[in-house]
Every structure is written in C-alpha cells, then in structure tokens.
file data.pdb (PDB, C-alpha atoms, pLDDT in the B column)
ATOM      1  CA  MET A  29     -40.553-262.363  -2.803  1.00 38.00           C
ATOM      2  CA  TYR A  30     -41.935-260.190  -5.591  1.00 42.00           C
ATOM      3  CA  VAL A  31     -43.457-260.428  -9.015  1.00 43.00           C
ATOM      4  CA  PHE A  32     -41.561-258.548 -11.697  1.00 44.00           C
ATOM      5  CA  ARG A  33     -41.797-259.141 -15.449  1.00 46.00           C
ATOM      6  CA  ARG A  34     -39.063-257.875 -17.740  1.00 47.00           C
ATOM      7  CA  TRP A  35     -40.264-256.505 -21.044  1.00 42.00           C
ATOM      8  CA  LEU A  36     -38.376-255.258 -24.070  1.00 41.00           C
ATOM      9  CA  GLY A  37     -38.034-251.504 -23.711  1.00 48.00           C
ATOM     10  CA  ALA A  38     -40.398-250.664 -26.567  1.00 54.00           C
ATOM     11  CA  ASP A  39     -43.105-252.972 -25.202  1.00 80.00           C
ATOM     12  CA  THR A  40     -42.804-251.485 -21.735  1.00 81.00           C
ATOM     13  CA  ARG A  41     -43.031-247.924 -22.986  1.00 84.00           C
ATOM     14  CA  PHE A  42     -46.057-248.758 -25.115  1.00 85.00           C
ATOM     15  CA  LEU A  43     -47.857-250.344 -22.157  1.00 84.00           C
ATOM     16  CA  MET A  44     -46.960-247.486 -19.843  1.00 86.00           C
ATOM     17  CA  ALA A  45     -48.154-244.941 -22.397  1.00 89.00           C
ATOM     18  CA  MET A  46     -51.470-246.809 -22.511  1.00 88.00           C
ATOM     19  CA  ARG A  47     -51.637-246.776 -18.718  1.00 87.00           C
ATOM     20  CA  GLN A  48     -50.865-243.058 -18.668  1.00 92.00           C
ATOM     21  CA  ARG A  49     -53.729-242.334 -21.065  1.00 92.00           C
ATOM     22  CA  TRP A  50     -56.014-244.527 -18.949  1.00 90.00           C
ATOM     23  CA  ALA A  51     -55.028-242.647 -15.776  1.00 90.00           C
ATOM     24  CA  ARG A  52     -55.690-239.273 -17.365  1.00 93.00           C
ATOM     25  CA  ARG A  53     -59.069-240.340 -18.710  1.00 92.00           C
ATOM     26  CA  LEU A  54     -60.085-241.918 -15.408  1.00 89.00           C
ATOM     27  CA  LEU A  55     -59.206-238.841 -13.373  1.00 91.00           C
ATOM     28  CA  ALA A  56     -60.923-236.479 -15.804  1.00 91.00           C
ATOM     29  CA  SER A  57     -64.070-238.605 -16.044  1.00 89.00           C
ATOM     30  CA  THR A  58     -64.443-238.824 -12.256  1.00 87.00           C
ATOM     31  CA  GLY A  59     -64.075-235.079 -11.688  1.00 90.00           C
ATOM     32  CA  VAL A  60     -60.523-235.123 -10.321  1.00 92.00           C
ATOM     33  CA  ASN A  61     -59.004-231.722 -11.092  1.00 94.00           C
ATOM     34  CA  VAL A  62     -55.210-232.031 -10.972  1.00 95.00           C
ATOM     35  CA  SER A  63     -52.858-229.063 -10.840  1.00 95.00           C
ATOM     36  CA  LEU A  64     -49.099-229.488 -11.086  1.00 96.00           C
ATOM     37  CA  GLU A  65     -46.286-227.721  -9.305  1.00 96.00           C
ATOM     38  CA  GLY A  66     -42.643-228.182 -10.190  1.00 97.00           C
ATOM     39  CA  ASP A  67     -41.052-230.107 -13.023  1.00 97.00           C
ATOM     40  CA  VAL A  68     -42.103-233.680 -13.735  1.00 97.00           C
ATOM     41  CA  PRO A  69     -38.814-235.640 -13.850  1.00 97.00           C
ATOM     42  CA  ALA A  70     -37.810-236.676 -17.356  1.00 95.00           C
ATOM     43  CA  PHE A  71     -35.077-239.021 -16.085  1.00 97.00           C
ATOM     44  CA  PRO A  72     -35.177-242.383 -14.257  1.00 97.00           C
ATOM     45  CA  CYS A  73     -35.473-241.803 -10.530  1.00 98.00           C
ATOM     46  CA  LEU A  74     -37.039-242.988  -7.292  1.00 98.00           C
ATOM     47  CA  LEU A  75     -40.224-240.985  -6.669  1.00 98.00           C
ATOM     48  CA  LEU A  76     -41.115-240.904  -2.963  1.00 98.00           C
ATOM     49  CA  ALA A  77     -44.541-239.492  -2.070  1.00 97.00           C
ATOM     50  CA  ASN A  78     -46.780-238.992   0.931  1.00 97.00           C
ATOM     51  CA  HIS A  79     -49.840-241.243   1.049  1.00 94.00           C
ATOM     52  CA  ARG A  80     -53.420-239.965   1.419  1.00 92.00           C
ATOM     53  CA  SER A  81     -55.691-241.890  -0.917  1.00 90.00           C
ATOM     54  CA  TYR A  82     -56.142-244.873  -3.236  1.00 85.00           C
ATOM     55  CA  LEU A  83     -55.838-242.269  -6.015  1.00 89.00           C
ATOM     56  CA  ASP A  84     -52.205-241.469  -5.133  1.00 93.00           C
ATOM     57  CA  PRO A  85     -50.501-243.964  -7.483  1.00 91.00           C
ATOM     58  CA  ILE A  86     -52.807-242.970 -10.346  1.00 91.00           C
ATOM     59  CA  LEU A  87     -52.004-239.287  -9.777  1.00 95.00           C
ATOM     60  CA  VAL A  88     -48.280-239.941 -10.181  1.00 96.00           C
ATOM     61  CA  LEU A  89     -48.660-242.416 -13.068  1.00 94.00           C
ATOM     62  CA  ARG A  90     -50.674-239.723 -14.831  1.00 95.00           C
ATOM     63  CA  ASP A  91     -47.378-237.849 -15.233  1.00 96.00           C
ATOM     64  CA  VAL A  92     -44.588-240.418 -15.409  1.00 95.00           C
ATOM     65  CA  HIS A  93     -43.805-243.809 -16.928  1.00 93.00           C
ATOM     66  CA  ALA A  94     -42.908-245.719 -13.802  1.00 93.00           C
ATOM     67  CA  PHE A  95     -43.112-248.983 -11.898  1.00 92.00           C
ATOM     68  CA  PRO A  96     -45.112-248.513  -8.694  1.00 90.00           C
ATOM     69  CA  VAL A  97     -44.295-250.689  -5.698  1.00 87.00           C
ATOM     70  CA  ALA A  98     -47.298-252.461  -4.154  1.00 72.00           C
ATOM     71  CA  LYS A  99     -48.009-255.085  -1.523  1.00 64.00           C
ATOM     72  CA  ALA A 100     -48.129-258.627  -2.877  1.00 54.00           C
ATOM     73  CA  GLU A 101     -51.785-258.991  -1.846  1.00 50.00           C
ATOM     74  CA  LEU A 102     -52.760-256.679  -4.709  1.00 48.00           C
ATOM     75  CA  ALA A 103     -51.642-259.326  -7.190  1.00 45.00           C
ATOM     76  CA  ARG A 104     -54.598-261.473  -6.109  1.00 48.00           C
ATOM     77  CA  TRP A 105     -57.214-258.785  -6.811  1.00 43.00           C
ATOM     78  CA  PRO A 106     -59.433-259.718  -9.793  1.00 41.00           C
ATOM     79  CA  VAL A 107     -58.566-257.858 -13.012  1.00 39.00           C
ATOM     80  CA  ILE A 108     -56.580-255.139 -11.207  1.00 41.00           C
ATOM     81  CA  GLY A 109     -53.795-257.459 -10.099  1.00 41.00           C
ATOM     82  CA  SER A 110     -53.087-259.025 -13.476  1.00 46.00           C
ATOM     83  CA  GLY A 111     -53.620-255.771 -15.348  1.00 45.00           C
ATOM     84  CA  ALA A 112     -51.202-253.907 -13.112  1.00 48.00           C
ATOM     85  CA  ARG A 113     -48.592-256.623 -13.538  1.00 49.00           C
ATOM     86  CA  GLN A 114     -48.850-256.460 -17.323  1.00 51.00           C
ATOM     87  CA  ALA A 115     -48.383-252.680 -17.350  1.00 54.00           C
ATOM     88  CA  GLY A 116     -45.393-252.786 -15.003  1.00 66.00           C
ATOM     89  CA  ILE A 117     -45.464-253.131 -11.223  1.00 75.00           C
ATOM     90  CA  ILE A 118     -43.224-254.455  -8.466  1.00 73.00           C
ATOM     91  CA  TYR A 119     -45.080-256.652  -5.990  1.00 62.00           C
ATOM     92  CA  LEU A 120     -43.457-256.917  -2.583  1.00 67.00           C
ATOM     93  CA  ARG A 121     -43.933-259.451   0.183  1.00 61.00           C
ATOM     94  CA  ARG A 122     -42.766-258.030   3.492  1.00 57.00           C
ATOM     95  CA  GLU A 123     -42.991-261.090   5.724  1.00 51.00           C
ATOM     96  CA  ARG A 124     -39.287-261.913   5.383  1.00 52.00           C
ATOM     97  CA  ALA A 125     -36.238-259.677   5.533  1.00 50.00           C
ATOM     98  CA  SER A 126     -34.766-261.402   2.452  1.00 50.00           C
ATOM     99  CA  SER A 127     -37.804-260.352   0.441  1.00 54.00           C
ATOM    100  CA  GLY A 128     -37.170-256.712   1.233  1.00 61.00           C
ATOM    101  CA  VAL A 129     -33.504-256.944   0.232  1.00 73.00           C
ATOM    102  CA  SER A 130     -34.419-258.573  -3.080  1.00 79.00           C
ATOM    103  CA  ALA A 131     -37.067-255.940  -3.784  1.00 82.00           C
ATOM    104  CA  LEU A 132     -34.556-253.145  -3.189  1.00 88.00           C
ATOM    105  CA  LYS A 133     -32.255-254.723  -5.767  1.00 90.00           C
ATOM    106  CA  VAL A 134     -35.162-254.909  -8.249  1.00 89.00           C
ATOM    107  CA  ILE A 135     -35.892-251.211  -7.680  1.00 92.00           C
ATOM    108  CA  ALA A 136     -32.261-250.352  -8.407  1.00 94.00           C
ATOM    109  CA  ASP A 137     -32.267-252.523 -11.544  1.00 93.00           C
ATOM    110  CA  VAL A 138     -35.438-250.882 -12.872  1.00 92.00           C
ATOM    111  CA  ILE A 139     -33.940-247.411 -12.488  1.00 94.00           C
ATOM    112  CA  LEU A 140     -30.316-248.075 -13.480  1.00 94.00           C
ATOM    113  CA  ARG A 141     -30.726-250.818 -16.120  1.00 92.00           C
ATOM    114  CA  GLU A 142     -34.297-250.630 -17.389  1.00 90.00           C
ATOM    115  CA  ARG A 143     -34.163-246.801 -17.254  1.00 93.00           C
ATOM    116  CA  PHE A 144     -37.640-246.394 -15.773  1.00 94.00           C
ATOM    117  CA  SER A 145     -38.667-244.568 -12.625  1.00 96.00           C
ATOM    118  CA  VAL A 146     -40.099-246.277  -9.547  1.00 96.00           C
ATOM    119  CA  VAL A 147     -42.935-244.856  -7.406  1.00 96.00           C
ATOM    120  CA  LEU A 148     -42.985-245.720  -3.723  1.00 95.00           C
ATOM    121  CA  PHE A 149     -44.999-244.522  -0.710  1.00 95.00           C
ATOM    122  CA  PRO A 150     -42.577-244.984   2.190  1.00 95.00           C
ATOM    123  CA  GLU A 151     -45.215-244.388   4.885  1.00 94.00           C
ATOM    124  CA  GLY A 152     -46.732-247.728   3.902  1.00 89.00           C
ATOM    125  CA  THR A 153     -50.304-246.626   4.633  1.00 88.00           C
ATOM    126  CA  THR A 154     -52.592-243.619   4.300  1.00 88.00           C
ATOM    127  CA  SER A 155     -53.140-241.038   7.014  1.00 87.00           C
ATOM    128  CA  ALA A 156     -54.762-237.671   7.734  1.00 86.00           C
ATOM    129  CA  HIS A 157     -51.768-236.324   9.646  1.00 85.00           C
ATOM    130  CA  GLU A 158     -50.633-232.803   8.833  1.00 86.00           C
ATOM    131  CA  GLY A 159     -47.204-234.193   8.007  1.00 90.00           C
ATOM    132  CA  MET A 160     -45.950-237.676   7.243  1.00 95.00           C
ATOM    133  CA  LEU A 161     -46.055-240.845   9.305  1.00 94.00           C
ATOM    134  CA  PRO A 162     -42.799-242.604  10.222  1.00 94.00           C
ATOM    135  CA  VAL A 163     -41.430-244.088   7.022  1.00 95.00           C
ATOM    136  CA  LYS A 164     -39.999-247.428   5.978  1.00 92.00           C
ATOM    137  CA  LYS A 165     -36.227-247.137   5.608  1.00 93.00           C
ATOM    138  CA  GLY A 166     -35.710-249.462   2.653  1.00 92.00           C
ATOM    139  CA  ALA A 167     -36.180-246.881  -0.094  1.00 94.00           C
ATOM    140  CA  PHE A 168     -33.599-244.550   1.417  1.00 97.00           C
ATOM    141  CA  ARG A 169     -31.208-247.460   1.949  1.00 94.00           C
ATOM    142  CA  ALA A 170     -31.529-248.420  -1.711  1.00 94.00           C
ATOM    143  CA  ALA A 171     -31.032-244.839  -2.875  1.00 97.00           C
ATOM    144  CA  THR A 172     -27.793-244.389  -0.935  1.00 97.00           C
ATOM    145  CA  ARG A 173     -26.455-247.855  -1.696  1.00 95.00           C
ATOM    146  CA  TRP A 174     -26.879-247.595  -5.469  1.00 96.00           C
ATOM    147  CA  GLY A 175     -26.709-243.822  -5.875  1.00 96.00           C
ATOM    148  CA  LEU A 176     -30.304-243.450  -7.076  1.00 97.00           C
ATOM    149  CA  PRO A 177     -31.668-239.928  -7.624  1.00 98.00           C
ATOM    150  CA  VAL A 178     -34.674-239.326  -5.370  1.00 98.00           C
ATOM    151  CA  VAL A 179     -37.490-236.939  -6.280  1.00 98.00           C
ATOM    152  CA  PRO A 180     -39.893-236.042  -3.437  1.00 98.00           C
ATOM    153  CA  VAL A 181     -43.570-235.746  -4.376  1.00 98.00           C
ATOM    154  CA  ALA A 182     -46.183-233.965  -2.267  1.00 97.00           C
ATOM    155  CA  ILE A 183     -49.800-234.970  -2.959  1.00 96.00           C
ATOM    156  CA  CYS A 184     -52.070-232.240  -1.607  1.00 95.00           C
ATOM    157  CA  PHE A 185     -55.837-232.735  -1.605  1.00 94.00           C
ATOM    158  CA  ALA A 186     -57.957-229.615  -1.205  1.00 90.00           C
ATOM    159  CA  CYS A 187     -60.449-231.443   1.031  1.00 88.00           C
ATOM    160  CA  SER A 188     -59.549-233.923   3.753  1.00 85.00           C
ATOM    161  CA  ASP A 189     -62.714-235.877   2.934  1.00 84.00           C
ATOM    162  CA  ASP A 190     -60.622-237.323   0.108  1.00 85.00           C
ATOM    163  CA  PHE A 191     -58.257-239.012   2.557  1.00 87.00           C
ATOM    164  CA  TRP A 192     -58.976-242.755   2.590  1.00 81.00           C
ATOM    165  CA  ILE A 193     -58.480-243.607   6.259  1.00 79.00           C
ATOM    166  CA  GLY A 194     -60.115-245.469   9.098  1.00 73.00           C
ATOM    167  CA  SER A 195     -62.517-248.368   8.644  1.00 75.00           C
ATOM    168  CA  GLU A 196     -64.427-247.033   5.648  1.00 75.00           C
ATOM    169  CA  SER A 197     -64.321-249.544   2.795  1.00 77.00           C
ATOM    170  CA  PHE A 198     -62.761-248.711  -0.542  1.00 73.00           C
ATOM    171  CA  LEU A 199     -66.059-248.984  -2.444  1.00 77.00           C
ATOM    172  CA  LYS A 200     -67.991-246.889   0.073  1.00 80.00           C
ATOM    173  CA  HIS A 201     -65.349-244.184   0.102  1.00 77.00           C
ATOM    174  CA  ALA A 202     -65.000-244.087  -3.692  1.00 77.00           C
ATOM    175  CA  TRP A 203     -68.773-243.950  -4.213  1.00 79.00           C
ATOM    176  CA  ARG A 204     -69.189-241.135  -1.676  1.00 79.00           C
ATOM    177  CA  ARG A 205     -66.391-238.982  -3.036  1.00 78.00           C
ATOM    178  CA  PHE A 206     -67.198-239.433  -6.718  1.00 77.00           C
ATOM    179  CA  GLN A 207     -70.639-237.958  -6.083  1.00 80.00           C
ATOM    180  CA  GLU A 208     -68.827-234.624  -5.772  1.00 79.00           C
ATOM    181  CA  LYS A 209     -68.617-232.418  -8.854  1.00 81.00           C
ATOM    182  CA  GLU A 210     -64.891-231.893  -8.361  1.00 88.00           C
ATOM    183  CA  ILE A 211     -62.027-233.402  -6.387  1.00 90.00           C
ATOM    184  CA  ALA A 212     -59.198-230.894  -6.341  1.00 93.00           C
ATOM    185  CA  VAL A 213     -55.626-232.069  -5.819  1.00 95.00           C
ATOM    186  CA  ARG A 214     -52.214-230.562  -6.401  1.00 96.00           C
ATOM    187  CA  VAL A 215     -49.235-232.802  -7.195  1.00 97.00           C
ATOM    188  CA  CYS A 216     -45.915-231.139  -6.387  1.00 97.00           C
ATOM    189  CA  TYR A 217     -42.637-232.473  -7.792  1.00 98.00           C
ATOM    190  CA  GLY A 218     -39.465-231.502  -5.971  1.00 98.00           C
ATOM    191  CA  PRO A 219     -35.799-231.342  -6.932  1.00 98.00           C
ATOM    192  CA  ALA A 220     -33.679-234.441  -7.437  1.00 98.00           C
ATOM    193  CA  LEU A 221     -31.925-235.296  -4.179  1.00 98.00           C
ATOM    194  CA  CYS A 222     -28.840-237.442  -3.660  1.00 96.00           C
ATOM    195  CA  HIS A 223     -26.901-238.173  -0.483  1.00 95.00           C
ATOM    196  CA  SER A 224     -24.569-240.857   0.811  1.00 95.00           C
ATOM    197  CA  ASP A 225     -26.259-240.898   4.239  1.00 97.00           C
ATOM    198  CA  GLU A 226     -29.718-242.519   4.237  1.00 97.00           C
ATOM    199  CA  HIS A 227     -30.781-240.658   7.391  1.00 97.00           C
ATOM    200  CA  VAL A 228     -29.897-237.272   5.910  1.00 98.00           C
ATOM    201  CA  LEU A 229     -31.694-238.188   2.677  1.00 98.00           C
ATOM    202  CA  GLU A 230     -34.799-239.215   4.625  1.00 98.00           C
ATOM    203  CA  GLN A 231     -34.774-235.894   6.479  1.00 97.00           C
ATOM    204  CA  GLN A 232     -34.422-233.952   3.222  1.00 98.00           C
ATOM    205  CA  VAL A 233     -37.320-235.791   1.563  1.00 98.00           C
ATOM    206  CA  ARG A 234     -39.561-235.470   4.613  1.00 97.00           C
ATOM    207  CA  ALA A 235     -38.760-231.770   5.053  1.00 97.00           C
ATOM    208  CA  TRP A 236     -39.562-230.953   1.423  1.00 98.00           C
ATOM    209  CA  ILE A 237     -42.842-232.889   1.344  1.00 97.00           C
ATOM    210  CA  GLU A 238     -44.035-231.570   4.703  1.00 96.00           C
ATOM    211  CA  GLU A 239     -43.201-227.988   3.704  1.00 96.00           C
ATOM    212  CA  ARG A 240     -45.391-228.306   0.607  1.00 95.00           C
ATOM    213  CA  LEU A 241     -48.193-229.995   2.567  1.00 94.00           C
ATOM    214  CA  ALA A 242     -48.141-227.211   5.146  1.00 93.00           C
ATOM    215  CA  ALA A 243     -48.120-224.464   2.522  1.00 92.00           C
ATOM    216  CA  PHE A 244     -51.068-225.957   0.668  1.00 89.00           C
ATOM    217  CA  SER A 245     -53.005-226.904   3.791  1.00 77.00           C
ATOM    218  CA  GLY A 246     -52.850-223.445   5.312  1.00 57.00           C
ATOM    219  CA  ALA A 247     -54.524-221.877   2.299  1.00 54.00           C
ATOM    220  CA  GLN A 248     -56.704-224.597   0.824  1.00 51.00           C
ATOM    221  CA  LEU A 249     -57.574-227.556   3.042  1.00 45.00           C
ATOM    222  CA  LEU A 250     -61.209-227.858   4.092  1.00 42.00           C
ATOM    223  CA  PRO A 251     -62.267-229.612   7.332  1.00 41.00           C
ATOM    224  CA  PRO A 252     -63.438-233.227   7.184  1.00 40.00           C
ATOM    225  CA  SER A 253     -67.151-233.954   7.140  1.00 39.00           C
ATOM    226  CA  GLU A 254     -68.988-235.900   9.820  1.00 33.00           C
ATOM    227  CA  VAL A 255     -68.760-239.003   7.649  1.00 32.00           C
ATOM    228  CA  LYS A 256     -65.016-239.159   8.215  1.00 33.00           C
ATOM    229  CA  GLU A 257     -65.522-239.359  11.962  1.00 31.00           C
ATOM    230  CA  GLN A 258     -67.358-242.674  11.782  1.00 25.00           C
TER     231      GLN A 258
END
call {"tool": "encode", "arguments": {"input": "data.pdb", "output": "structure tokens"}}
result
Amino acid sequence: MYVFRRWLGADTRFLMAMRQRWARRLLASTGVNVSLEGDVPAFPCLLLANHRSYLDPILVLRDVHAFPVAKAELARWPVIGSGARQAGIIYLRRERASSGVSALKVIADVILRERFSVVLFPEGTTSAHEGMLPVKKGAFRAATRWGLPVVPVAICFACSDDFWIGSESFLKHAWRRFQEKEIAVRVCYGPALCHSDEHVLEQQVRAWIEERLAAFSGAQLLPPSEVKEQ
C-alpha cells in the first residue's frame, strides 16, 4: 500500500533539517533563483500545489519540514528512493482503492499525530496548462474528513521551458535547463483553508492557485523554445 517509517520526533526533525539544507544548496548551486510570496506555514498542514517540474517538491521542501507524497515506483530508484524514505516520505500505490484509503489515513496521522506537514500535488502529473489539470479527490476528502488545514501553493516558473512535460527524458531536460545561468521561480503560499465540503474546498484551492498563476504569467512568463515542441 505505502511505505512509511515512523521516527522519534527529534530524529525526524534532524533528518528534515538536513534535507532542507540539501534542497537549499542544490537549488542555489544549479542557478535556481527562488522568490517567496506569502507566509510559509509554521503549523502542520496539508500543502497542495500545482505541478510543473521535477523541481516542485524540492522547492517546497526548501521551506518546510514535510512528508511529500510520491508514487511507489520512486522507492525503486537507486539512491533516491532509499534516501527519500530515510528523510521522510509517503509512498503510495494507486492500483487498489484500499491503498488510497490507507494512504489518506497515513496523511492524517502525519499531520495530526506526528505534527508534520504533508506535500501533495493533486494533479498527479506535470503540465503546461495556464491553470491546473483535473485533480485527484483524495486529498480534499482527507482534509474534510479529518479537519486538516489546507494551504494552497502556487509554483510559478518565469520561463515555460522549465516545465517538464511531453516525452523529453528527465536527464535530457535537467541537462538542458541547468545550462542556463538562472532559473527563476516564485513560490506563493496561500492562507490556511478549511471546509466541511470537499468540493467547495477543491474549488477554493484551485481558484487561489490559478489566480496566482495567472497574475505571474501575465507579467513574467516567457514563451517556450522550439525544443519544447519536440
């Protein structure tokens, strides 16, 4: 169903602090220039973000101590899979409905009992759409069922060449983009949202993220290069 290791609180915070330092060093060393908007939540919550790039989880973990949710296949990646598990991650297998229900309960436990945030990308995949793709409903169902505070996060890249989409491989995309002197991205943290109706909560999260994406895109976003059309 999922892989989730419980640590003593002090051990978890130490590992997450190490991961946070790693994320900040990695982004700085690869020319990723991050600007922040809004207040980074200092309380356990469910962070729901739009999905553009393989950098998205690192951009959020740069700011918060949190358990990201990832597909179970990532656990089999050399080095990355085991390292991510040690630092705190929730691996999810989506082939059975029971797996999803169990994962939602783990998310609630992490936030309410372990007192850590959880990062989730409800679109489930990256896109270059102006707004968001249709989202998976599980996160909103968990939030309303267990009364979890939800913080919307808008990840706004200044250049759409940074979107990891289509058939381009991870290594090819990363190599091409890191040849640039700077990758500019703004990470926007919204207000904590709570609602008893999962559909209303979904609409609120989507509206806030898409409003920030539109505001940033209108002033900053550059057109994709020919490479992205391949």
call {"tool": "resolve_selection", "arguments": {"input": "data.pdb", "expression": "the PyMOL selection byres ((chain A and resi 173-189) around 7)", "output": "number ranges by chain"}}
result
A: 73-78, 136, 169-172, 190-191, 212-222, 233, 237, 240-241, 244, 248-253, 256
call {"tool": "residues_around", "arguments": {"input": "data.pdb", "residues": "His227 of chain A", "least_positions_apart": "2", "cutoff": "9 Å", "atoms": "only C-alpha atoms", "output": "mmCIF file with C-alpha atoms, keeping the file's coordinate frame"}}
result
data_model
loop_
_atom_site.group_PDB
_atom_site.id
_atom_site.type_symbol
_atom_site.label_atom_id
_atom_site.label_comp_id
_atom_site.auth_asym_id
_atom_site.auth_seq_id
_atom_site.Cartn_x
_atom_site.Cartn_y
_atom_site.Cartn_z
ATOM 1 C CA LYS A 165 -36.227 -247.137 5.608
ATOM 2 C CA PHE A 168 -33.599 -244.550 1.417
ATOM 3 C CA ARG A 169 -31.208 -247.460 1.949
ATOM 4 C CA ASP A 225 -26.259 -240.898 4.239
ATOM 5 C CA LEU A 229 -31.694 -238.188 2.677
ATOM 6 C CA GLU A 230 -34.799 -239.215 4.625
ATOM 7 C CA GLN A 231 -34.774 -235.894 6.479
ATOM 8 C CA GLN A 232 -34.422 -233.952 3.222
#
call {"tool": "resolve_selection", "arguments": {"input": "data.pdb", "expression": "the PyMOL selection byres ((chain A and resi 70) around 10)", "output": "JSON, numbers by chain"}}
result
{"A": [67, 68, 69, 71, 72, 73, 91, 92, 93, 144, 145]}
call {"tool": "write_last_selection", "arguments": {"input": "data.pdb", "atoms": "C-alpha atoms", "output": "PDB file, keeping the file's coordinate frame"}}
result
ATOM      1  CA  ASP A  67     -41.052-230.107 -13.023  1.00 97.00           C
ATOM      2  CA  VAL A  68     -42.103-233.680 -13.735  1.00 97.00           C
ATOM      3  CA  PRO A  69     -38.814-235.640 -13.850  1.00 97.00           C
ATOM      4  CA  PHE A  71     -35.077-239.021 -16.085  1.00 97.00           C
ATOM      5  CA  PRO A  72     -35.177-242.383 -14.257  1.00 97.00           C
ATOM      6  CA  CYS A  73     -35.473-241.803 -10.530  1.00 98.00           C
ATOM      7  CA  ASP A  91     -47.378-237.849 -15.233  1.00 96.00           C
ATOM      8  CA  VAL A  92     -44.588-240.418 -15.409  1.00 95.00           C
ATOM      9  CA  HIS A  93     -43.805-243.809 -16.928  1.00 93.00           C
ATOM     10  CA  PHE A 144     -37.640-246.394 -15.773  1.00 94.00           C
ATOM     11  CA  SER A 145     -38.667-244.568 -12.625  1.00 96.00           C
TER      12      SER A 145
END
call {"tool": "atom_distance", "arguments": {"input": "data.pdb", "atom1": "atom CA of Gly152 of chain A", "atom2": "atom CA of His223 of chain A"}}
result
22.4 Å
call {"tool": "closest_residue", "arguments": {"input": "data.pdb", "among": "A:Ala94, A:Val62, A:Met44, A:Ile86", "to": "Arg143 of chain A", "atoms": "only C-alpha atoms"}}
result
A:Ala94
call {"tool": "atom_distance", "arguments": {"input": "data.pdb", "atom1": "atom CA of Arg205 of chain A", "atom2": "atom CA of Ile193 of chain A"}}
result
13.1 Å
call {"tool": "resolve_selection", "arguments": {"input": "data.pdb", "expression": "the PyMOL selection byres ((chain A and resi 158) around 10)", "output": "list of chain:residue names"}}
result
A:Ser155, A:Ala156, A:His157, A:Gly159, A:Met160, A:Leu161, A:Glu238, A:Leu241, A:Ala242, A:Ser245
call {"tool": "residues_around", "arguments": {"input": "data.pdb", "residues": "Trp50 of chain A", "least_positions_apart": "4", "cutoff": "10 Å", "atoms": "only C-alpha atoms", "output": "list in words"}}
result
Met44, Ala45, Met46, Leu54, Leu55, Ala56, Ile86, Leu89 and Arg90 of chain A
call {"tool": "closest_residue", "arguments": {"input": "data.pdb", "among": "A:Val97, A:Leu132, A:Val228, A:Ala202", "to": "Thr58 of chain A", "atoms": "all atoms listed in the file"}}
result
A:Ala202
call {"tool": "axis_aligned_box", "arguments": {"input": "data.pdb", "around": "segment 83-89 of chain A", "padding_each_side": "3 Å", "output": "lines of an AutoDock Vina configuration file"}}
result
center_x = -52.1
center_y = -241.6
center_z = -9.1
size_x = 13.6
size_y = 10.7
size_z = 13.9
call {"tool": "atom_distance", "arguments": {"input": "data.pdb", "atom1": "atom CA of His79 of chain A", "atom2": "atom CA of Phe198 of chain A"}}
result
15.0 Å
call {"tool": "closest_residue", "arguments": {"input": "data.pdb", "among": "A:Glu142, A:Glu239, A:Asp39, A:Glu208", "to": "Val60 of chain A", "atoms": "all atoms listed in the file"}}
result
A:Glu208
